[in-house]
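Visitor: Structure below; questions to follow.
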Number of protein chains: 2
Amino acid sequence: MNNGRFATALHILTLLEIKKGELLSSEFIANSINVNPAVVRKEIGNLRAHGFIESKEGKGGGYSLGKPAAHIRLSEVYKSLNESPLLGRSNDPNPECPIGKQINGHLNDLFSSADKAFLNQLGKTTVKDFAKKFN
Amino acid sequence: MNNGRFATALHILTLLEIKKGELLSSEFIANSINVNPAVVRKEIGNLRAHGFIESKEGKGGGYSLGKPAAHIRLSEVYKSLNESPLLGRSNDPNPECPIGKQINGHLNDLFSSADKAFLNQLGKTTVKDFAKKFN
DNA sequence: TTGTACTGTAATAAGAATTGTTACAGTATG
DNA sequence: CATACTGTAACAATTCTTATTACAGTACAA
């Protein structure tokens with residue numbers, strides 16, 4: 001669903017943790033990820049709204065983590081960029097059909113439990129844990 | 001990633017289980033899902049390749065389950081329609097950057113464990129379990 | 001107080017991925 | 001041989017995602 005975005009978001013957070021103490025510019029970050037700086041700023045807009053990142057405007061400005069990396073679970077990051085669950089239904093089945101009529105409800109139940117398992121696993125890792133893997 | 005397709009595939013399998021004994025046509029199935037019959041035939045092409053469905057060509061032909069519904073785990077169905085994992089990386093980070101250089105490997109590890117948790121949960125339900133929910 | 005180096009955000013374009021459609025050859029049945 | 005299906009390819013349309021451009025707003029520093 002939002003694959004690229006999650007990878008981008010995590011990449012950003014990882015850089016900020018590894019270079020903590022410094023303010024990183026969107027251009028620097030964009031260069032590491034190999035995307036356009038505006039994309040980074042947009043993504044950070046969301047991450048900041050969720051408190052993961054703080055920013056400083058103006059000359060000499062840039063980005064830093066908004067809270068300790070150990071307090072940012074990857075599940076929270078993931079959730080921050082899709083309000084919609086992992087496997088949203090896109091078809092709209094025929095309501096005349098007894099199966100079609102009921103299936104969305106059952107699919108949602110199924111999806112939400114699988115989603116939960118997924119998030120639960122992601123939540124075992126924090127940004128700090130993840131960043132520690134780099135040398 | 002392949003949301004709609006999974007929903008479609010499961011819808012098809014559920015219909016076949018509920019109406020077992022009969023051969024269902026792509027048109028009948030398409031009507032319940034509310035998509036084009038060719039889409040159903042295409043999706044079934046994949047499900048058949050994995051042994052979940054059998055088909056009979058020609059007049060009076062149609063589809064039926066290729067094995068007992070109790071033996072089809074939803075995780076297998078899910079896997080059958082994406083060789084690629086749930087959260088494939090789409091960016092290609094800068095290999096000049098020490099972080100960019102390593103991140104894909106670490107992301108893959110992360111993704112694959114979350115994927116596993118997801119599939120593990122889906123695998124707790126079979127097509128038979130799922131179909132039983134309908135009345 | 002002005003130039004410089006940043007962020008914030010909107011508008012738009014481009015590209016990729018998904019889904020739908022049409023068409024028709026192939027096959028079984030009666 | 002007519003009929004009713006599946007199988008599959010080619011193409012069109014749509015939707016989703018990502019990239020690009022542009023520029024206003026803000027802080028710093030000389």
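Chain labels follow the order of the structure tokens: the first chain is A, the next B, and so on; residue numbering restarts at 1 in every chain, and ligands are counted from 1 in their shown order.
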Excluding range 3-17 of chain C and any residue of its chain fewer than 4 positions from it, enumerate the residues within 6 Å of it, using only C-alpha atoms (C1' of nucleotides), and give them as a ChimeraX atom specification.

Guide: /A:57-59,61

Visitor: Write the selection just made, keeping C-alpha atoms, as an mmCIF file, in the first residue's frame?

Guide:
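The resulting out.cif:
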data_model
loop_
_atom_site.group_PDB
_atom_site.id
_atom_site.type_symbol
_atom_site.label_atom_id
_atom_site.label_comp_id
_atom_site.auth_asym_id
_atom_site.auth_seq_id
_atom_site.Cartn_x
_atom_site.Cartn_y
_atom_site.Cartn_z
ATOM 1 C CA GLU A 57 12.950 27.194 9.638
ATOM 2 C CA GLY A 58 15.203 29.795 8.113
ATOM 3 C CA LYS A 59 18.892 29.939 7.452
ATOM 4 C CA GLY A 61 17.548 25.432 9.852
#

Visitor: Would you superpose chain B on chain A, least squares on all C-alpha atoms in order, and hand back the fitted chain as a tab-separated table (two decimals) with N, CA and C atoms, in the first residue's frame?

Guide:
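Output (out.tsv):
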chain	number	residue	atom	x	y	z
B	1	MET	N	0.85	-1.18	0.12
B	1	MET	CA	0.04	0.03	0.04
B	1	MET	C	0.89	1.29	0.00
B	2	ASN	N	1.50	1.68	1.10
B	2	ASN	CA	2.44	2.80	0.98
B	2	ASN	C	3.83	2.33	1.31
B	3	ASN	N	4.34	1.56	0.41
B	3	ASN	CA	5.66	0.96	0.55
B	3	ASN	C	6.77	1.96	0.53
B	4	GLY	N	6.82	2.65	-0.58
B	4	GLY	CA	7.89	3.61	-0.77
B	4	GLY	C	7.88	4.62	0.34
B	5	ARG	N	6.71	5.05	0.72
B	5	ARG	CA	6.64	6.08	1.75
B	5	ARG	C	7.18	5.58	3.07
B	6	PHE	N	6.88	4.36	3.42
B	6	PHE	CA	7.39	3.84	4.69
B	6	PHE	C	8.91	3.77	4.65
B	7	ALA	N	9.43	3.27	3.56
B	7	ALA	CA	10.88	3.19	3.41
B	7	ALA	C	11.51	4.57	3.50
B	8	THR	N	10.89	5.52	2.85
B	8	THR	CA	11.39	6.89	2.89
B	8	THR	C	11.36	7.44	4.32
B	9	ALA	N	10.22	7.25	4.97
B	9	ALA	CA	10.07	7.78	6.32
B	9	ALA	C	11.11	7.18	7.26
B	10	LEU	N	11.30	5.88	7.14
B	10	LEU	CA	12.24	5.23	8.04
B	10	LEU	C	13.67	5.66	7.73
B	11	HIS	N	13.93	5.84	6.47
B	11	HIS	CA	15.24	6.33	6.06
B	11	HIS	C	15.52	7.70	6.70
B	12	ILE	N	14.55	8.56	6.64
B	12	ILE	CA	14.69	9.89	7.23
B	12	ILE	C	14.96	9.79	8.73
B	13	LEU	N	14.13	9.03	9.41
B	13	LEU	CA	14.27	8.92	10.86
B	13	LEU	C	15.62	8.32	11.24
B	14	THR	N	16.05	7.36	10.45
B	14	THR	CA	17.33	6.72	10.72
B	14	THR	C	18.48	7.71	10.58
B	15	LEU	N	18.44	8.48	9.52
B	15	LEU	CA	19.48	9.50	9.34
B	15	LEU	C	19.50	10.47	10.52
B	16	LEU	N	18.32	10.89	10.94
B	16	LEU	CA	18.26	11.87	12.02
B	16	LEU	C	18.83	11.29	13.31
B	17	GLU	N	18.55	10.01	13.53
B	17	GLU	CA	19.08	9.38	14.73
B	17	GLU	C	20.60	9.24	14.66
B	18	ILE	N	21.07	8.79	13.52
B	18	ILE	CA	22.50	8.56	13.38
B	18	ILE	C	23.30	9.87	13.46
B	19	LYS	N	22.70	10.91	12.91
B	19	LYS	CA	23.38	12.22	12.95
B	19	LYS	C	22.81	13.11	14.04
B	20	LYS	N	22.39	12.52	15.11
B	20	LYS	CA	21.70	13.37	16.10
B	20	LYS	C	22.64	14.41	16.68
B	21	GLY	N	22.07	15.56	17.05
B	21	GLY	CA	22.90	16.69	17.47
B	21	GLY	C	22.99	17.72	16.36
B	22	GLU	N	22.95	17.24	15.11
B	22	GLU	CA	22.97	18.17	13.98
B	22	GLU	C	21.56	18.40	13.45
B	23	LEU	N	21.40	19.51	12.76
B	23	LEU	CA	20.16	19.72	12.00
B	23	LEU	C	20.44	19.35	10.56
B	24	LEU	N	19.65	18.44	10.03
B	24	LEU	CA	19.86	18.04	8.64
B	24	LEU	C	18.90	18.78	7.72
B	25	SER	N	19.38	19.16	6.57
B	25	SER	CA	18.52	19.86	5.61
B	25	SER	C	17.81	18.86	4.72
B	26	SER	N	16.71	19.31	4.15
B	26	SER	CA	15.97	18.42	3.25
B	26	SER	C	16.83	18.02	2.06
B	27	GLU	N	17.74	18.88	1.69
B	27	GLU	CA	18.58	18.57	0.54
B	27	GLU	C	19.56	17.45	0.87
B	28	PHE	N	20.14	17.53	2.04
B	28	PHE	CA	21.05	16.48	2.48
B	28	PHE	C	20.33	15.13	2.54
B	29	ILE	N	19.18	15.14	3.16
B	29	ILE	CA	18.41	13.91	3.31
B	29	ILE	C	18.00	13.37	1.94
B	30	ALA	N	17.54	14.28	1.10
B	30	ALA	CA	17.10	13.87	-0.24
B	30	ALA	C	18.24	13.23	-1.01
B	31	ASN	N	19.41	13.72	-0.80
B	31	ASN	CA	20.57	13.18	-1.50
B	31	ASN	C	20.87	11.75	-1.08
B	32	SER	N	20.67	11.46	0.19
B	32	SER	CA	20.92	10.09	0.66
B	32	SER	C	19.86	9.12	0.14
B	33	ILE	N	18.63	9.60	0.11
B	33	ILE	CA	17.54	8.72	-0.34
B	33	ILE	C	17.47	8.68	-1.85
B	34	ASN	N	17.96	9.73	-2.44
B	34	ASN	CA	17.94	9.84	-3.89
B	34	ASN	C	16.54	10.18	-4.41
B	35	VAL	N	15.95	11.15	-3.77
B	35	VAL	CA	14.67	11.68	-4.24
B	35	VAL	C	14.74	13.20	-4.21
B	36	ASN	N	13.68	13.82	-4.65
B	36	ASN	CA	13.61	15.27	-4.70
B	36	ASN	C	13.40	15.86	-3.29
B	37	PRO	N	14.11	16.93	-2.97
B	37	PRO	CA	13.97	17.54	-1.65
B	37	PRO	C	12.52	17.84	-1.26
B	38	ALA	N	11.72	18.19	-2.25
B	38	ALA	CA	10.33	18.51	-1.93
B	38	ALA	C	9.59	17.28	-1.43
B	39	VAL	N	9.98	16.12	-1.91
B	39	VAL	CA	9.37	14.88	-1.44
B	39	VAL	C	9.70	14.67	0.03
B	40	VAL	N	10.95	14.94	0.35
B	40	VAL	CA	11.37	14.80	1.75
B	40	VAL	C	10.60	15.78	2.63
B	41	ARG	N	10.50	16.98	2.19
B	41	ARG	CA	9.80	17.98	3.01
B	41	ARG	C	8.34	17.58	3.21
B	42	LYS	N	7.76	17.04	2.16
B	42	LYS	CA	6.37	16.63	2.26
B	42	LYS	C	6.22	15.49	3.27
B	43	GLU	N	7.10	14.51	3.15
B	43	GLU	CA	7.03	13.37	4.05
B	43	GLU	C	7.26	13.81	5.48
B	44	ILE	N	8.20	14.72	5.65
B	44	ILE	CA	8.48	15.21	6.98
B	44	ILE	C	7.30	15.97	7.54
B	45	GLY	N	6.57	16.63	6.67
B	45	GLY	CA	5.36	17.32	7.12
B	45	GLY	C	4.47	16.39	7.91
B	46	ASN	N	4.32	15.20	7.41
B	46	ASN	CA	3.50	14.21	8.11
B	46	ASN	C	4.16	13.72	9.40
B	47	LEU	N	5.43	13.42	9.31
B	47	LEU	CA	6.13	12.90	10.49
B	47	LEU	C	6.18	13.93	11.61
B	48	ARG	N	6.26	15.17	11.22
B	48	ARG	CA	6.27	16.22	12.23
B	48	ARG	C	4.90	16.34	12.89
B	49	ALA	N	3.87	16.23	12.07
B	49	ALA	CA	2.51	16.31	12.61
B	49	ALA	C	2.28	15.23	13.66
B	50	HIS	N	3.03	14.14	13.55
B	50	HIS	CA	2.88	13.07	14.53
B	50	HIS	C	3.92	13.14	15.65
B	51	GLY	N	4.70	14.20	15.64
B	51	GLY	CA	5.64	14.40	16.74
B	51	GLY	C	6.96	13.67	16.63
B	52	PHE	N	7.18	12.97	15.52
B	52	PHE	CA	8.42	12.22	15.39
B	52	PHE	C	9.61	13.12	15.04
B	53	ILE	N	9.29	14.24	14.45
B	53	ILE	CA	10.34	15.14	13.96
B	53	ILE	C	10.03	16.57	14.35
B	54	GLU	N	11.11	17.33	14.60
B	54	GLU	CA	10.97	18.77	14.82
B	54	GLU	C	11.71	19.48	13.71
B	55	SER	N	11.24	20.66	13.37
B	55	SER	CA	11.94	21.37	12.31
B	55	SER	C	12.21	22.80	12.73
B	56	LYS	N	13.23	23.35	12.12
B	56	LYS	CA	13.55	24.74	12.36
B	56	LYS	C	13.63	25.44	11.02
B	57	GLU	N	12.84	26.48	10.88
B	57	GLU	CA	12.83	27.19	9.61
B	57	GLU	C	13.98	28.18	9.51
B	58	GLY	N	14.10	28.75	8.32
B	58	GLY	CA	15.07	29.83	8.12
B	58	GLY	C	16.49	29.35	7.93
B	59	LYS	N	17.34	30.30	7.72
B	59	LYS	CA	18.75	30.01	7.48
B	59	LYS	C	19.33	29.16	8.62
B	60	GLY	N	20.09	28.17	8.25
B	60	GLY	CA	20.69	27.30	9.27
B	60	GLY	C	19.68	26.34	9.86
B	61	GLY	N	18.47	26.34	9.32
B	61	GLY	CA	17.44	25.45	9.85
B	61	GLY	C	17.61	24.02	9.37
B	62	GLY	N	16.63	23.19	9.69
B	62	GLY	CA	16.70	21.78	9.28
B	62	GLY	C	15.87	20.94	10.23
B	63	TYR	N	16.20	19.65	10.25
B	63	TYR	CA	15.36	18.72	10.98
B	63	TYR	C	16.11	17.93	12.04
B	64	SER	N	15.37	17.57	13.08
B	64	SER	CA	15.91	16.67	14.10
B	64	SER	C	14.76	15.83	14.64
B	65	LEU	N	15.09	14.79	15.38
B	65	LEU	CA	14.04	13.96	15.95
B	65	LEU	C	13.22	14.74	16.98
B	66	GLY	N	11.97	14.48	17.02
B	66	GLY	CA	11.08	15.18	17.94
B	66	GLY	C	10.97	14.48	19.28
B	67	LYS	N	11.45	13.25	19.35
B	67	LYS	CA	11.50	12.54	20.62
B	67	LYS	C	12.56	11.45	20.53
B	68	PRO	N	12.94	10.87	21.66
B	68	PRO	CA	14.03	9.89	21.62
B	68	PRO	C	13.70	8.73	20.67
B	69	ALA	N	14.70	8.35	19.92
B	69	ALA	CA	14.50	7.28	18.93
B	69	ALA	C	13.98	6.00	19.57
B	70	ALA	N	14.35	5.80	20.83
B	70	ALA	CA	13.90	4.59	21.51
B	70	ALA	C	12.41	4.62	21.78
B	71	HIS	N	11.82	5.79	21.65
B	71	HIS	CA	10.38	5.91	21.91
B	71	HIS	C	9.55	5.91	20.64
B	72	ILE	N	10.21	5.71	19.51
B	72	ILE	CA	9.46	5.70	18.26
B	72	ILE	C	9.41	4.27	17.73
B	73	ARG	N	8.26	3.66	17.85
B	73	ARG	CA	8.09	2.30	17.32
B	73	ARG	C	7.78	2.37	15.84
B	74	LEU	N	8.32	1.41	15.11
B	74	LEU	CA	8.09	1.43	13.67
B	74	LEU	C	6.62	1.25	13.32
B	75	SER	N	5.89	0.59	14.20
B	75	SER	CA	4.46	0.44	13.94
B	75	SER	C	3.75	1.80	13.95
B	76	GLU	N	4.22	2.68	14.83
B	76	GLU	CA	3.60	4.01	14.89
B	76	GLU	C	3.91	4.79	13.63
B	77	VAL	N	5.13	4.62	13.17
B	77	VAL	CA	5.53	5.30	11.95
B	77	VAL	C	4.67	4.80	10.80
B	78	TYR	N	4.55	3.49	10.75
B	78	TYR	CA	3.75	2.91	9.68
B	78	TYR	C	2.31	3.43	9.73
B	79	LYS	N	1.76	3.40	10.90
B	79	LYS	CA	0.38	3.86	11.04
B	79	LYS	C	0.22	5.32	10.68
B	80	SER	N	1.25	6.09	10.95
B	80	SER	CA	1.13	7.53	10.68
B	80	SER	C	0.95	7.81	9.20
B	81	LEU	N	1.36	6.88	8.37
B	81	LEU	CA	1.20	7.20	6.95
B	81	LEU	C	0.15	6.41	6.22
B	82	ASN	N	-0.59	5.64	6.90
B	82	ASN	CA	-1.83	5.16	6.31
B	82	ASN	C	-2.91	4.97	7.35
B	83	GLU	N	-3.77	5.92	7.35
B	83	GLU	CA	-4.95	5.76	8.18
B	83	GLU	C	-5.67	4.49	7.75
B	84	SER	N	-5.67	4.23	6.43
B	84	SER	CA	-6.35	3.05	5.92
B	84	SER	C	-5.51	1.80	6.15
B	85	PRO	N	-6.16	0.67	6.45
B	85	PRO	CA	-5.43	-0.55	6.79
B	85	PRO	C	-4.73	-1.16	5.58
B	86	LEU	N	-3.89	-2.10	5.88
B	86	LEU	CA	-3.05	-2.75	4.89
B	86	LEU	C	-3.80	-3.26	3.68
B	87	LEU	N	-4.92	-3.87	3.93
B	87	LEU	CA	-5.65	-4.54	2.85
B	87	LEU	C	-7.05	-4.01	2.66
B	88	GLY	N	-7.15	-2.75	2.36
B	88	GLY	CA	-8.49	-2.19	2.15
B	88	GLY	C	-9.15	-2.80	0.92
B	89	ARG	N	-10.44	-2.95	1.02
B	89	ARG	CA	-11.19	-3.49	-0.09
B	89	ARG	C	-11.36	-2.42	-1.15
B	90	SER	N	-11.16	-2.76	-2.41
B	90	SER	CA	-11.39	-1.75	-3.42
B	90	SER	C	-12.59	-2.06	-4.32
B	91	ASN	N	-12.98	-3.32	-4.39
B	91	ASN	CA	-14.16	-3.65	-5.19
B	91	ASN	C	-15.43	-3.24	-4.46
B	92	ASP	N	-16.51	-3.05	-5.21
B	92	ASP	CA	-17.77	-3.06	-4.49
B	92	ASP	C	-18.71	-4.11	-5.04
B	93	PRO	N	-18.80	-5.17	-4.28
B	93	PRO	CA	-19.55	-6.34	-4.70
B	93	PRO	C	-21.04	-6.04	-4.84
B	94	ASN	N	-21.69	-6.90	-5.54
B	94	ASN	CA	-23.12	-6.77	-5.81
B	94	ASN	C	-23.96	-7.01	-4.56
B	95	PRO	N	-24.66	-6.00	-4.10
B	95	PRO	CA	-25.46	-6.14	-2.87
B	95	PRO	C	-26.71	-7.01	-3.08
B	96	GLU	N	-27.03	-7.29	-4.33
B	96	GLU	CA	-28.14	-8.20	-4.62
B	96	GLU	C	-27.76	-9.64	-4.29
B	97	CYS	N	-26.46	-9.90	-4.39
B	97	CYS	CA	-25.97	-11.25	-4.17
B	97	CYS	C	-25.76	-11.48	-2.68
B	98	PRO	N	-26.29	-12.58	-2.15
B	98	PRO	CA	-26.19	-12.81	-0.70
B	98	PRO	C	-24.74	-12.89	-0.22
B	99	ILE	N	-23.87	-13.38	-1.08
B	99	ILE	CA	-22.46	-13.43	-0.68
B	99	ILE	C	-21.84	-12.05	-0.79
B	100	GLY	N	-22.04	-11.45	-1.95
B	100	GLY	CA	-21.50	-10.11	-2.18
B	100	GLY	C	-21.91	-9.15	-1.07
B	101	LYS	N	-23.12	-9.32	-0.63
B	101	LYS	CA	-23.68	-8.43	0.37
B	101	LYS	C	-22.92	-8.49	1.69
B	102	GLN	N	-22.49	-9.70	2.06
B	102	GLN	CA	-21.87	-9.85	3.37
B	102	GLN	C	-20.35	-9.79	3.37
B	103	ILE	N	-19.79	-9.96	2.18
B	103	ILE	CA	-18.35	-10.26	2.17
B	103	ILE	C	-17.47	-9.14	2.71
B	104	ASN	N	-17.85	-7.91	2.46
B	104	ASN	CA	-16.98	-6.83	2.91
B	104	ASN	C	-16.78	-6.82	4.43
B	105	GLY	N	-17.84	-7.09	5.13
B	105	GLY	CA	-17.72	-7.15	6.58
B	105	GLY	C	-16.74	-8.23	7.01
B	106	HIS	N	-16.88	-9.40	6.41
B	106	HIS	CA	-16.00	-10.50	6.79
B	106	HIS	C	-14.55	-10.24	6.37
B	107	LEU	N	-14.41	-9.62	5.21
B	107	LEU	CA	-13.05	-9.27	4.77
B	107	LEU	C	-12.41	-8.29	5.73
B	108	ASN	N	-13.19	-7.33	6.16
B	108	ASN	CA	-12.63	-6.35	7.09
B	108	ASN	C	-12.14	-6.99	8.37
B	109	ASP	N	-12.93	-7.91	8.90
B	109	ASP	CA	-12.51	-8.60	10.12
B	109	ASP	C	-11.18	-9.30	9.89
B	110	LEU	N	-11.15	-10.02	8.78
B	110	LEU	CA	-9.94	-10.77	8.45
B	110	LEU	C	-8.74	-9.84	8.31
B	111	PHE	N	-8.94	-8.82	7.53
B	111	PHE	CA	-7.85	-7.88	7.26
B	111	PHE	C	-7.38	-7.23	8.54
B	112	SER	N	-8.29	-6.87	9.38
B	112	SER	CA	-7.85	-6.12	10.54
B	112	SER	C	-7.05	-7.00	11.49
B	113	SER	N	-7.37	-8.28	11.53
B	113	SER	CA	-6.55	-9.11	12.42
B	113	SER	C	-5.17	-9.36	11.83
B	114	ALA	N	-5.10	-9.49	10.52
B	114	ALA	CA	-3.79	-9.70	9.90
B	114	ALA	C	-2.95	-8.42	10.03
B	115	ASP	N	-3.63	-7.31	9.87
B	115	ASP	CA	-2.99	-6.02	10.03
B	115	ASP	C	-2.41	-5.87	11.43
B	116	LYS	N	-3.18	-6.32	12.40
B	116	LYS	CA	-2.74	-6.21	13.78
B	116	LYS	C	-1.46	-7.02	14.00
B	117	ALA	N	-1.43	-8.20	13.44
B	117	ALA	CA	-0.25	-9.05	13.59
B	117	ALA	C	0.98	-8.39	12.96
B	118	PHE	N	0.73	-7.80	11.83
B	118	PHE	CA	1.79	-7.10	11.11
B	118	PHE	C	2.34	-5.95	11.94
B	119	LEU	N	1.43	-5.13	12.43
B	119	LEU	CA	1.85	-3.98	13.22
B	119	LEU	C	2.51	-4.40	14.52
B	120	ASN	N	2.00	-5.46	15.09
B	120	ASN	CA	2.57	-5.95	16.33
B	120	ASN	C	4.04	-6.33	16.12
B	121	GLN	N	4.31	-6.96	15.01
B	121	GLN	CA	5.68	-7.33	14.71
B	121	GLN	C	6.56	-6.10	14.47
B	122	LEU	N	6.03	-5.17	13.67
B	122	LEU	CA	6.79	-3.95	13.41
B	122	LEU	C	7.07	-3.19	14.70
B	123	GLY	N	6.12	-3.26	15.62
B	123	GLY	CA	6.24	-2.51	16.87
B	123	GLY	C	7.32	-3.04	17.79
B	124	LYS	N	7.88	-4.19	17.46
B	124	LYS	CA	8.96	-4.72	18.28
B	124	LYS	C	10.27	-4.00	18.04
B	125	THR	N	10.31	-3.23	16.98
B	125	THR	CA	11.52	-2.49	16.65
B	125	THR	C	11.27	-0.99	16.78
B	126	THR	N	12.24	-0.31	17.40
B	126	THR	CA	12.16	1.16	17.47
B	126	THR	C	13.16	1.76	16.49
B	127	VAL	N	13.04	3.03	16.26
B	127	VAL	CA	14.00	3.70	15.38
B	127	VAL	C	15.42	3.51	15.92
B	128	LYS	N	15.53	3.52	17.23
B	128	LYS	CA	16.87	3.34	17.82
B	128	LYS	C	17.43	1.96	17.47
B	129	ASP	N	16.60	0.93	17.66
B	129	ASP	CA	17.03	-0.43	17.31
B	129	ASP	C	17.48	-0.48	15.86
B	130	PHE	N	16.66	0.11	15.04
B	130	PHE	CA	16.93	0.03	13.61
B	130	PHE	C	18.23	0.75	13.26
B	131	ALA	N	18.41	1.92	13.85
B	131	ALA	CA	19.60	2.71	13.53
B	131	ALA	C	20.87	2.03	14.02
B	132	LYS	N	20.74	1.25	15.07
B	132	LYS	CA	21.92	0.57	15.62
B	132	LYS	C	22.54	-0.41	14.64
B	133	LYS	N	21.76	-0.83	13.68
B	133	LYS	CA	22.27	-1.82	12.72
B	133	LYS	C	23.29	-1.24	11.75
B	134	PHE	N	23.37	0.07	11.72
B	134	PHE	CA	24.29	0.69	10.77
B	134	PHE	C	25.66	0.90	11.40
B	135	ASN	N	26.69	0.73	10.60
B	135	ASN	CA	28.03	0.94	11.16
B	135	ASN	C	28.84	1.94	10.34

Visitor: Pick out the chain D residues within 8 Å of chain B. Count only C-alpha atoms (C1' of nucleotides). Give them as a PyMOL selection string.

Guide: chain D and resi 3-7

Visitor: Enumerate as a count of residues only all residues of chain B assigned to helix (DSSP H, G or I) by DSSP on the backbone, naming them with the chain letters and numbers the document uses.

Guide: 78

Visitor: May I have the residues of chain C within 10 Å of chain B, counting only C-alpha atoms (C1' of nucleotides), written as a list in words?

Guide: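 Residues of chain C within 10 Å of chain B, counting only C-alpha atoms (C1' of nucleotides): DA17, DT18, DT19, DG20, DT21, DT22, DG26, DT27, DA28, DT29 and DG30 of chain C.
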
Visitor: Can those selected residues be exported to a file as an mmCIF file, in the first residue's frame so that it contains C-alpha atoms (C1' of nucleotides)?

Guide:
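Output contents, as saved in part.cif:
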data_model
loop_
_atom_site.group_PDB
_atom_site.id
_atom_site.type_symbol
_atom_site.label_atom_id
_atom_site.label_comp_id
_atom_site.auth_asym_id
_atom_site.auth_seq_id
_atom_site.Cartn_x
_atom_site.Cartn_y
_atom_site.Cartn_z
ATOM 1 C "C1'" DA C 17 0.479 0.251 -11.473
ATOM 2 C "C1'" DT C 18 -3.973 -1.499 -11.585
ATOM 3 C "C1'" DT C 19 -8.205 -2.560 -13.588
ATOM 4 C "C1'" DG C 20 -11.462 -2.826 -17.275
ATOM 5 C "C1'" DT C 21 -12.665 -3.949 -22.075
ATOM 6 C "C1'" DT C 22 -12.826 -6.102 -26.343
ATOM 7 C "C1'" DG C 26 -9.881 -23.170 -28.430
ATOM 8 C "C1'" DT C 27 -12.820 -26.791 -26.426
ATOM 9 C "C1'" DA C 28 -16.654 -29.648 -24.865
ATOM 10 C "C1'" DT C 29 -21.535 -30.800 -25.437
ATOM 11 C "C1'" DG C 30 -25.668 -32.192 -27.543
#

Visitor: Between C1' of DC24 in chain C and C1' of DT14 in chain D, what is the spacing in Å?

Guide: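 We find that C1' of DT14 in chain D and C1' of DC24 in chain C lie 24.9 Å from each other.
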
Visitor: For C1' of DA25 in chain C and C1' of DA12 in chain D, determine how far apart the two atoms are, in Å to one decimal place.

Guide: 21.5 Å
